[in-house]
Amino acid sequence: MEHTIQTTLILNGAAVTRPIAARQHLVDFLREEMGLTGSHVGCEHGVCGACTLRVDGKIVRGCLMLAVQANGRKVDTIEGLSDSGELADLQRAFHEHNALQCGFCTPGMLMTAQDLVASRPQATRDEIRDHLSGNYCRCTGYHAIVDAVEEVLISRRGGKK
Ligand code: FES
Ligand code: FES
């Protein structure tokens with residue numbers, strides 16, 4: 001029988017307590033046990049960024065962290081940020097700039113973009129590219145994504161370029 005560990009985490013603001021398989025990755029737990037399929041799984045090796053989540057306010061690779069390591073911590077997913085309206089302007093800008101095609105990278109890209117606009121409000125275009133460089137997109141060529149994020153940064157600065 002698979003070894004499980006009783007674990008409590010704050011998931012999108014609500015406490016969740018349950019036995020979790022000791023070797024299950026956080027993104028797999030969220031997708032398979034919690035039905036939160038917005039976080040995607042691409043490379044499973046920490047390279048592509050599709051599984052990006054926020055743990056205690058910092059973005060992490062959900063494929064590199066075990067779910068039991070989230071014990072006592074706050075985990076936020078794209079569903080939580082979307083429901084709270086935290087990234088509504090980014091979502092709108094992605095839509096308006098056609099910054100997504102297949103959409104596979106988009107949840108992870110939005111999580112990383114939100115981390116950027118919250119932590120580096122003065123970021124330049126080059127710094128946007130640098131911050132997003134760990135999130136791979138096979139479809140868009142990145143220009144539209146950078147345009148969308150830049151627009152939100154400028155807007156959140158009150159329109160100052
Ligand atoms: S699936 Fe986690 S970084 Fe690619
Ligand atoms: S929109 Fe398809 S991978 Fe980015």
# chains A, B, ... in the order shown; residues from 1 in each chain; ligands from 1
call {"tool": "select_by_dssp", "arguments": {"residues": "chain A", "states": "alpha helix (DSSP H)", "output": "count of residues only"}}
result
54
call {"tool": "closest_atom_pairs", "arguments": {"of": "chain A", "to": "ligand 1", "cutoff": "7 Å", "atoms": "only C-alpha atoms and all ligand atoms", "output": "JSON lines"}}
result
{"residue": "A:His40", "atom": "CA", "partner": "ligand 1", "partner_atom_place_in_ligand_line": "1 (S)", "distance": 6.7}
{"residue": "A:Val41", "atom": "CA", "partner": "ligand 1", "partner_atom_place_in_ligand_line": "1 (S)", "distance": 4.0}
{"residue": "A:Gly42", "atom": "CA", "partner": "ligand 1", "partner_atom_place_in_ligand_line": "1 (S)", "distance": 4.0}
{"residue": "A:Cys43", "atom": "CA", "partner": "ligand 1", "partner_atom_place_in_ligand_line": "4 (Fe)", "distance": 3.9}
{"residue": "A:Glu44", "atom": "CA", "partner": "ligand 1", "partner_atom_place_in_ligand_line": "1 (S)", "distance": 3.9}
{"residue": "A:His45", "atom": "CA", "partner": "ligand 1", "partner_atom_place_in_ligand_line": "3 (S)", "distance": 5.5}
{"residue": "A:Gly46", "atom": "CA", "partner": "ligand 1", "partner_atom_place_in_ligand_line": "3 (S)", "distance": 3.4}
{"residue": "A:Val47", "atom": "CA", "partner": "ligand 1", "partner_atom_place_in_ligand_line": "3 (S)", "distance": 4.3}
{"residue": "A:Cys48", "atom": "CA", "partner": "ligand 1", "partner_atom_place_in_ligand_line": "4 (Fe)", "distance": 3.8}
{"residue": "A:Gly49", "atom": "CA", "partner": "ligand 1", "partner_atom_place_in_ligand_line": "3 (S)", "distance": 4.0}
{"residue": "A:Ala50", "atom": "CA", "partner": "ligand 1", "partner_atom_place_in_ligand_line": "4 (Fe)", "distance": 5.2}
{"residue": "A:Cys51", "atom": "CA", "partner": "ligand 1", "partner_atom_place_in_ligand_line": "2 (Fe)", "distance": 4.5}
{"residue": "A:Thr52", "atom": "CA", "partner": "ligand 1", "partner_atom_place_in_ligand_line": "2 (Fe)", "distance": 6.8}
{"residue": "A:Arg61", "atom": "CA", "partner": "ligand 1", "partner_atom_place_in_ligand_line": "2 (Fe)", "distance": 5.2}
{"residue": "A:Gly62", "atom": "CA", "partner": "ligand 1", "partner_atom_place_in_ligand_line": "2 (Fe)", "distance": 5.8}
{"residue": "A:Cys63", "atom": "CA", "partner": "ligand 1", "partner_atom_place_in_ligand_line": "2 (Fe)", "distance": 4.3}
{"residue": "A:Leu64", "atom": "CA", "partner": "ligand 1", "partner_atom_place_in_ligand_line": "2 (Fe)", "distance": 6.6}
call {"tool": "write_last_selection", "arguments": {"atoms": "N, CA and C atoms", "output": "compact mmCIF listing (two decimals), in the first residue's frame"}}
result
# COMPACT_ATOMS: atom_id res chain seq x y z
N HIS A 40 -1.05 23.15 -15.60
CA HIS A 40 -0.77 22.11 -16.58
C HIS A 40 0.55 21.40 -16.28
N VAL A 41 0.69 20.24 -16.89
CA VAL A 41 1.92 19.46 -16.73
C VAL A 41 2.52 19.25 -18.12
N GLY A 42 3.70 19.82 -18.31
CA GLY A 42 4.37 19.68 -19.60
C GLY A 42 5.57 18.76 -19.48
N CYS A 43 6.69 19.36 -19.06
CA CYS A 43 7.96 18.60 -19.06
C CYS A 43 8.11 17.69 -17.84
N GLU A 44 7.48 18.03 -16.73
CA GLU A 44 7.63 17.32 -15.45
C GLU A 44 9.05 17.38 -14.90
N HIS A 45 9.86 18.29 -15.41
CA HIS A 45 11.25 18.39 -14.96
C HIS A 45 11.66 19.81 -14.59
N GLY A 46 10.69 20.68 -14.35
CA GLY A 46 11.05 22.03 -13.91
C GLY A 46 11.54 22.95 -15.02
N VAL A 47 11.27 22.62 -16.26
CA VAL A 47 11.83 23.41 -17.36
C VAL A 47 10.81 24.33 -18.01
N CYS A 48 9.57 23.88 -18.20
CA CYS A 48 8.66 24.60 -19.11
C CYS A 48 7.78 25.64 -18.43
N GLY A 49 7.55 25.53 -17.13
CA GLY A 49 6.74 26.53 -16.42
C GLY A 49 5.24 26.32 -16.49
N ALA A 50 4.78 25.29 -17.18
CA ALA A 50 3.33 25.08 -17.32
C ALA A 50 2.66 24.84 -15.98
N CYS A 51 3.41 24.34 -15.02
CA CYS A 51 2.85 23.94 -13.72
C CYS A 51 3.00 25.01 -12.65
N THR A 52 3.30 26.23 -13.05
CA THR A 52 3.62 27.30 -12.08
C THR A 52 2.47 27.54 -11.10
N ARG A 61 7.57 25.71 -9.14
CA ARG A 61 7.23 24.68 -10.11
C ARG A 61 6.47 23.56 -9.38
N GLY A 62 5.22 23.39 -9.73
CA GLY A 62 4.43 22.37 -9.05
C GLY A 62 4.88 20.95 -9.32
N CYS A 63 5.69 20.78 -10.37
CA CYS A 63 6.18 19.43 -10.70
C CYS A 63 7.46 19.09 -9.96
N LEU A 64 8.03 20.09 -9.25
CA LEU A 64 9.28 19.83 -8.54
C LEU A 64 9.08 19.76 -7.03
call {"tool": "residues_near_ligand", "arguments": {"ligand": "ligand 2", "cutoff": "9 Å", "atoms": "only C-alpha atoms and all ligand atoms", "output": "short mmCIF file (atom, residue, chain, number, x, y, z; two decimals) with all heavy atoms, in the first residue's frame"}}
result
data_model
loop_
_atom_site.label_atom_id
_atom_site.label_comp_id
_atom_site.auth_asym_id
_atom_site.auth_seq_id
_atom_site.Cartn_x
_atom_site.Cartn_y
_atom_site.Cartn_z
N ALA A 50 4.78 25.29 -17.18
CA ALA A 50 3.33 25.08 -17.32
C ALA A 50 2.66 24.84 -15.98
O ALA A 50 1.46 25.11 -15.81
CB ALA A 50 3.05 23.90 -18.26
N ALA A 99 -2.53 36.95 -26.92
CA ALA A 99 -1.31 36.43 -26.31
C ALA A 99 -1.41 34.95 -25.98
O ALA A 99 -0.62 34.44 -25.20
CB ALA A 99 -0.99 37.24 -25.05
N LEU A 100 -2.39 34.30 -26.54
CA LEU A 100 -2.48 32.84 -26.39
C LEU A 100 -3.07 32.24 -27.66
O LEU A 100 -3.85 32.89 -28.35
CB LEU A 100 -3.33 32.43 -25.18
CG LEU A 100 -4.81 32.82 -25.19
CD1 LEU A 100 -5.61 31.80 -24.41
CD2 LEU A 100 -5.00 34.20 -24.58
N GLN A 101 -2.62 31.04 -27.94
CA GLN A 101 -3.21 30.30 -29.07
C GLN A 101 -3.78 28.99 -28.55
O GLN A 101 -4.96 28.89 -28.28
CB GLN A 101 -2.17 30.13 -30.18
CG GLN A 101 -1.87 31.47 -30.86
CD GLN A 101 -0.78 31.37 -31.90
OE1 GLN A 101 -0.59 30.34 -32.53
NE2 GLN A 101 -0.06 32.47 -32.09
N CYS A 102 -2.92 27.98 -28.33
CA CYS A 102 -3.47 26.73 -27.79
C CYS A 102 -3.85 26.87 -26.32
O CYS A 102 -4.69 26.15 -25.81
CB CYS A 102 -2.49 25.58 -27.98
SG CYS A 102 -1.15 25.55 -26.77
N GLY A 103 -3.18 27.80 -25.61
CA GLY A 103 -3.51 28.06 -24.22
C GLY A 103 -2.82 27.15 -23.22
O GLY A 103 -3.00 27.32 -22.01
N PHE A 104 -2.00 26.23 -23.70
CA PHE A 104 -1.37 25.29 -22.76
C PHE A 104 -0.46 26.02 -21.76
O PHE A 104 -0.45 25.71 -20.57
CB PHE A 104 -0.56 24.22 -23.52
CG PHE A 104 -0.02 23.17 -22.61
CD1 PHE A 104 -0.83 22.13 -22.18
CD2 PHE A 104 1.29 23.22 -22.15
CE1 PHE A 104 -0.34 21.16 -21.31
CE2 PHE A 104 1.78 22.26 -21.28
CZ PHE A 104 0.96 21.23 -20.87
N CYS A 105 0.28 26.99 -22.24
CA CYS A 105 1.23 27.70 -21.37
C CYS A 105 0.55 28.78 -20.53
O CYS A 105 1.16 29.32 -19.60
CB CYS A 105 2.32 28.35 -22.21
SG CYS A 105 1.71 29.77 -23.18
N THR A 106 -0.67 29.15 -20.90
CA THR A 106 -1.26 30.39 -20.41
C THR A 106 -1.44 30.47 -18.89
O THR A 106 -1.09 31.50 -18.29
CB THR A 106 -2.60 30.66 -21.13
OG1 THR A 106 -2.40 30.54 -22.54
CG2 THR A 106 -3.12 32.05 -20.80
N MET A 109 1.92 31.07 -17.44
CA MET A 109 2.40 32.38 -17.90
C MET A 109 1.72 33.49 -17.09
O MET A 109 2.36 34.46 -16.68
CB MET A 109 2.08 32.51 -19.39
CG MET A 109 2.83 33.57 -20.10
SD MET A 109 4.60 33.25 -20.29
CE MET A 109 4.64 32.19 -21.73
N ASN A 135 9.06 30.40 -18.65
CA ASN A 135 7.76 29.89 -19.09
C ASN A 135 7.79 29.76 -20.61
O ASN A 135 7.88 30.76 -21.31
CB ASN A 135 6.63 30.83 -18.65
CG ASN A 135 6.37 30.76 -17.16
OD1 ASN A 135 7.14 31.31 -16.38
ND2 ASN A 135 5.32 30.09 -16.77
N TYR A 136 7.71 28.54 -21.08
CA TYR A 136 7.84 28.30 -22.52
C TYR A 136 6.47 28.37 -23.21
O TYR A 136 5.47 27.88 -22.67
CB TYR A 136 8.44 26.93 -22.78
CG TYR A 136 9.89 26.80 -22.41
CD1 TYR A 136 10.57 27.83 -21.75
CD2 TYR A 136 10.60 25.64 -22.70
CE1 TYR A 136 11.90 27.71 -21.40
CE2 TYR A 136 11.94 25.52 -22.35
CZ TYR A 136 12.58 26.56 -21.69
OH TYR A 136 13.90 26.43 -21.34
N CYS A 137 6.49 28.97 -24.39
CA CYS A 137 5.29 28.99 -25.23
C CYS A 137 5.68 28.55 -26.63
O CYS A 137 6.59 29.12 -27.23
CB CYS A 137 4.71 30.40 -25.26
SG CYS A 137 3.29 30.53 -26.38
N ARG A 138 5.01 27.54 -27.13
CA ARG A 138 5.35 27.03 -28.46
C ARG A 138 4.60 27.76 -29.58
O ARG A 138 4.87 27.52 -30.74
CB ARG A 138 4.98 25.55 -28.56
CG ARG A 138 5.89 24.69 -27.76
CD ARG A 138 5.39 23.26 -27.76
NE ARG A 138 6.30 22.45 -27.00
CZ ARG A 138 6.82 21.30 -27.44
NH1 ARG A 138 6.48 20.83 -28.61
NH2 ARG A 138 7.64 20.62 -26.70
N CYS A 139 3.62 28.57 -29.21
CA CYS A 139 2.72 29.09 -30.24
C CYS A 139 2.93 30.55 -30.61
O CYS A 139 2.90 30.90 -31.79
CB CYS A 139 1.27 28.97 -29.79
SG CYS A 139 0.77 27.32 -29.31
N THR A 140 3.12 31.43 -29.62
CA THR A 140 2.89 32.85 -29.88
C THR A 140 4.12 33.62 -30.33
O THR A 140 4.00 34.73 -30.83
CB THR A 140 2.38 33.55 -28.60
OG1 THR A 140 3.42 33.48 -27.61
CG2 THR A 140 1.12 32.90 -28.09
N GLY A 141 5.32 33.08 -30.09
CA GLY A 141 6.52 33.87 -30.39
C GLY A 141 6.80 34.93 -29.34
O GLY A 141 7.70 35.75 -29.51
N TYR A 142 6.01 34.96 -28.29
CA TYR A 142 6.24 35.78 -27.08
C TYR A 142 5.91 37.27 -27.23
O TYR A 142 5.66 37.94 -26.24
CB TYR A 142 7.67 35.63 -26.53
CG TYR A 142 8.02 34.22 -26.15
CD1 TYR A 142 8.77 33.42 -26.99
CD2 TYR A 142 7.58 33.67 -24.94
CE1 TYR A 142 9.08 32.10 -26.64
CE2 TYR A 142 7.88 32.38 -24.58
CZ TYR A 142 8.63 31.59 -25.45
OH TYR A 142 8.94 30.31 -25.10
#
call {"tool": "closest_residue", "arguments": {"among": "A:Ala123, A:Ala14, A:Val55, A:Leu26", "to": "Val75 (chain A)", "atoms": "only C-alpha atoms"}}
result
A:Val55
call {"tool": "select_by_dssp", "arguments": {"residues": "chain A", "states": "strand (DSSP E)", "output": "JSON, numbers by chain"}}
result
{"A": [4, 5, 6, 7, 8, 9, 10, 11, 14, 15, 16, 17, 18, 19, 20, 21, 52, 53, 54, 55, 58, 59, 60, 61, 74, 75, 76]}
call {"tool": "closest_residue", "arguments": {"among": "A:His25, A:Arg92, A:Lys58, A:Lys74", "to": "Val152 (chain A)", "atoms": "only C-alpha atoms"}}
result
A:Arg92
call {"tool": "closest_residue", "arguments": {"among": "A:Ser119, A:Asn71, A:Thr112, A:Thr17", "to": "Ser133 (chain A)", "atoms": "only C-alpha atoms"}}
result
A:Thr112
call {"tool": "residues_around", "arguments": {"residues": "Arg125 (chain A)", "least_positions_apart": "6", "cutoff": "10 Å", "atoms": "only C-alpha atoms", "output": "list in words"}}
result
His131, Val146, Asp147, Val149, Glu150 and Leu153 of chain A
call {"tool": "closest_residue", "arguments": {"among": "A:Ser84, A:Asp76, A:His143, A:Arg156", "to": "Val60 (chain A)", "atoms": "only C-alpha atoms"}}
result
A:Asp76
call {"tool": "atom_distance", "arguments": {"atom1": "CA of Lys160 (chain A)", "atom2": "CA of Gly85 (chain A)"}}
result
22.9 Å
call {"tool": "closest_residue", "arguments": {"among": "A:Glu33, A:Gln114, A:Gly108, A:Ala144", "to": "Ala88 (chain A)", "atoms": "only C-alpha atoms"}}
result
A:Gln114
call {"tool": "closest_residue", "arguments": {"among": "A:Leu11, A:Leu66, A:Ile59, A:Val16", "to": "Ala113 (chain A)", "atoms": "only C-alpha atoms"}}
result
A:Ile59
call {"tool": "residues_around", "arguments": {"residues": "Leu81 (chain A)", "least_positions_apart": "6", "cutoff": "9 Å", "atoms": "only C-alpha atoms", "output": "list of chain:residue names"}}
result
A:Asn12, A:Leu87, A:Ala88, A:Met111
call {"tool": "atom_distance", "arguments": {"atom1": "CA of Thr124 (chain A)", "atom2": "CA of Gln91 (chain A)"}}
result
19.9 Å
call {"tool": "atom_distance", "arguments": {"atom1": "CA of Val27 (chain A)", "atom2": "CA of Gly57 (chain A)"}}
result
16.4 Å
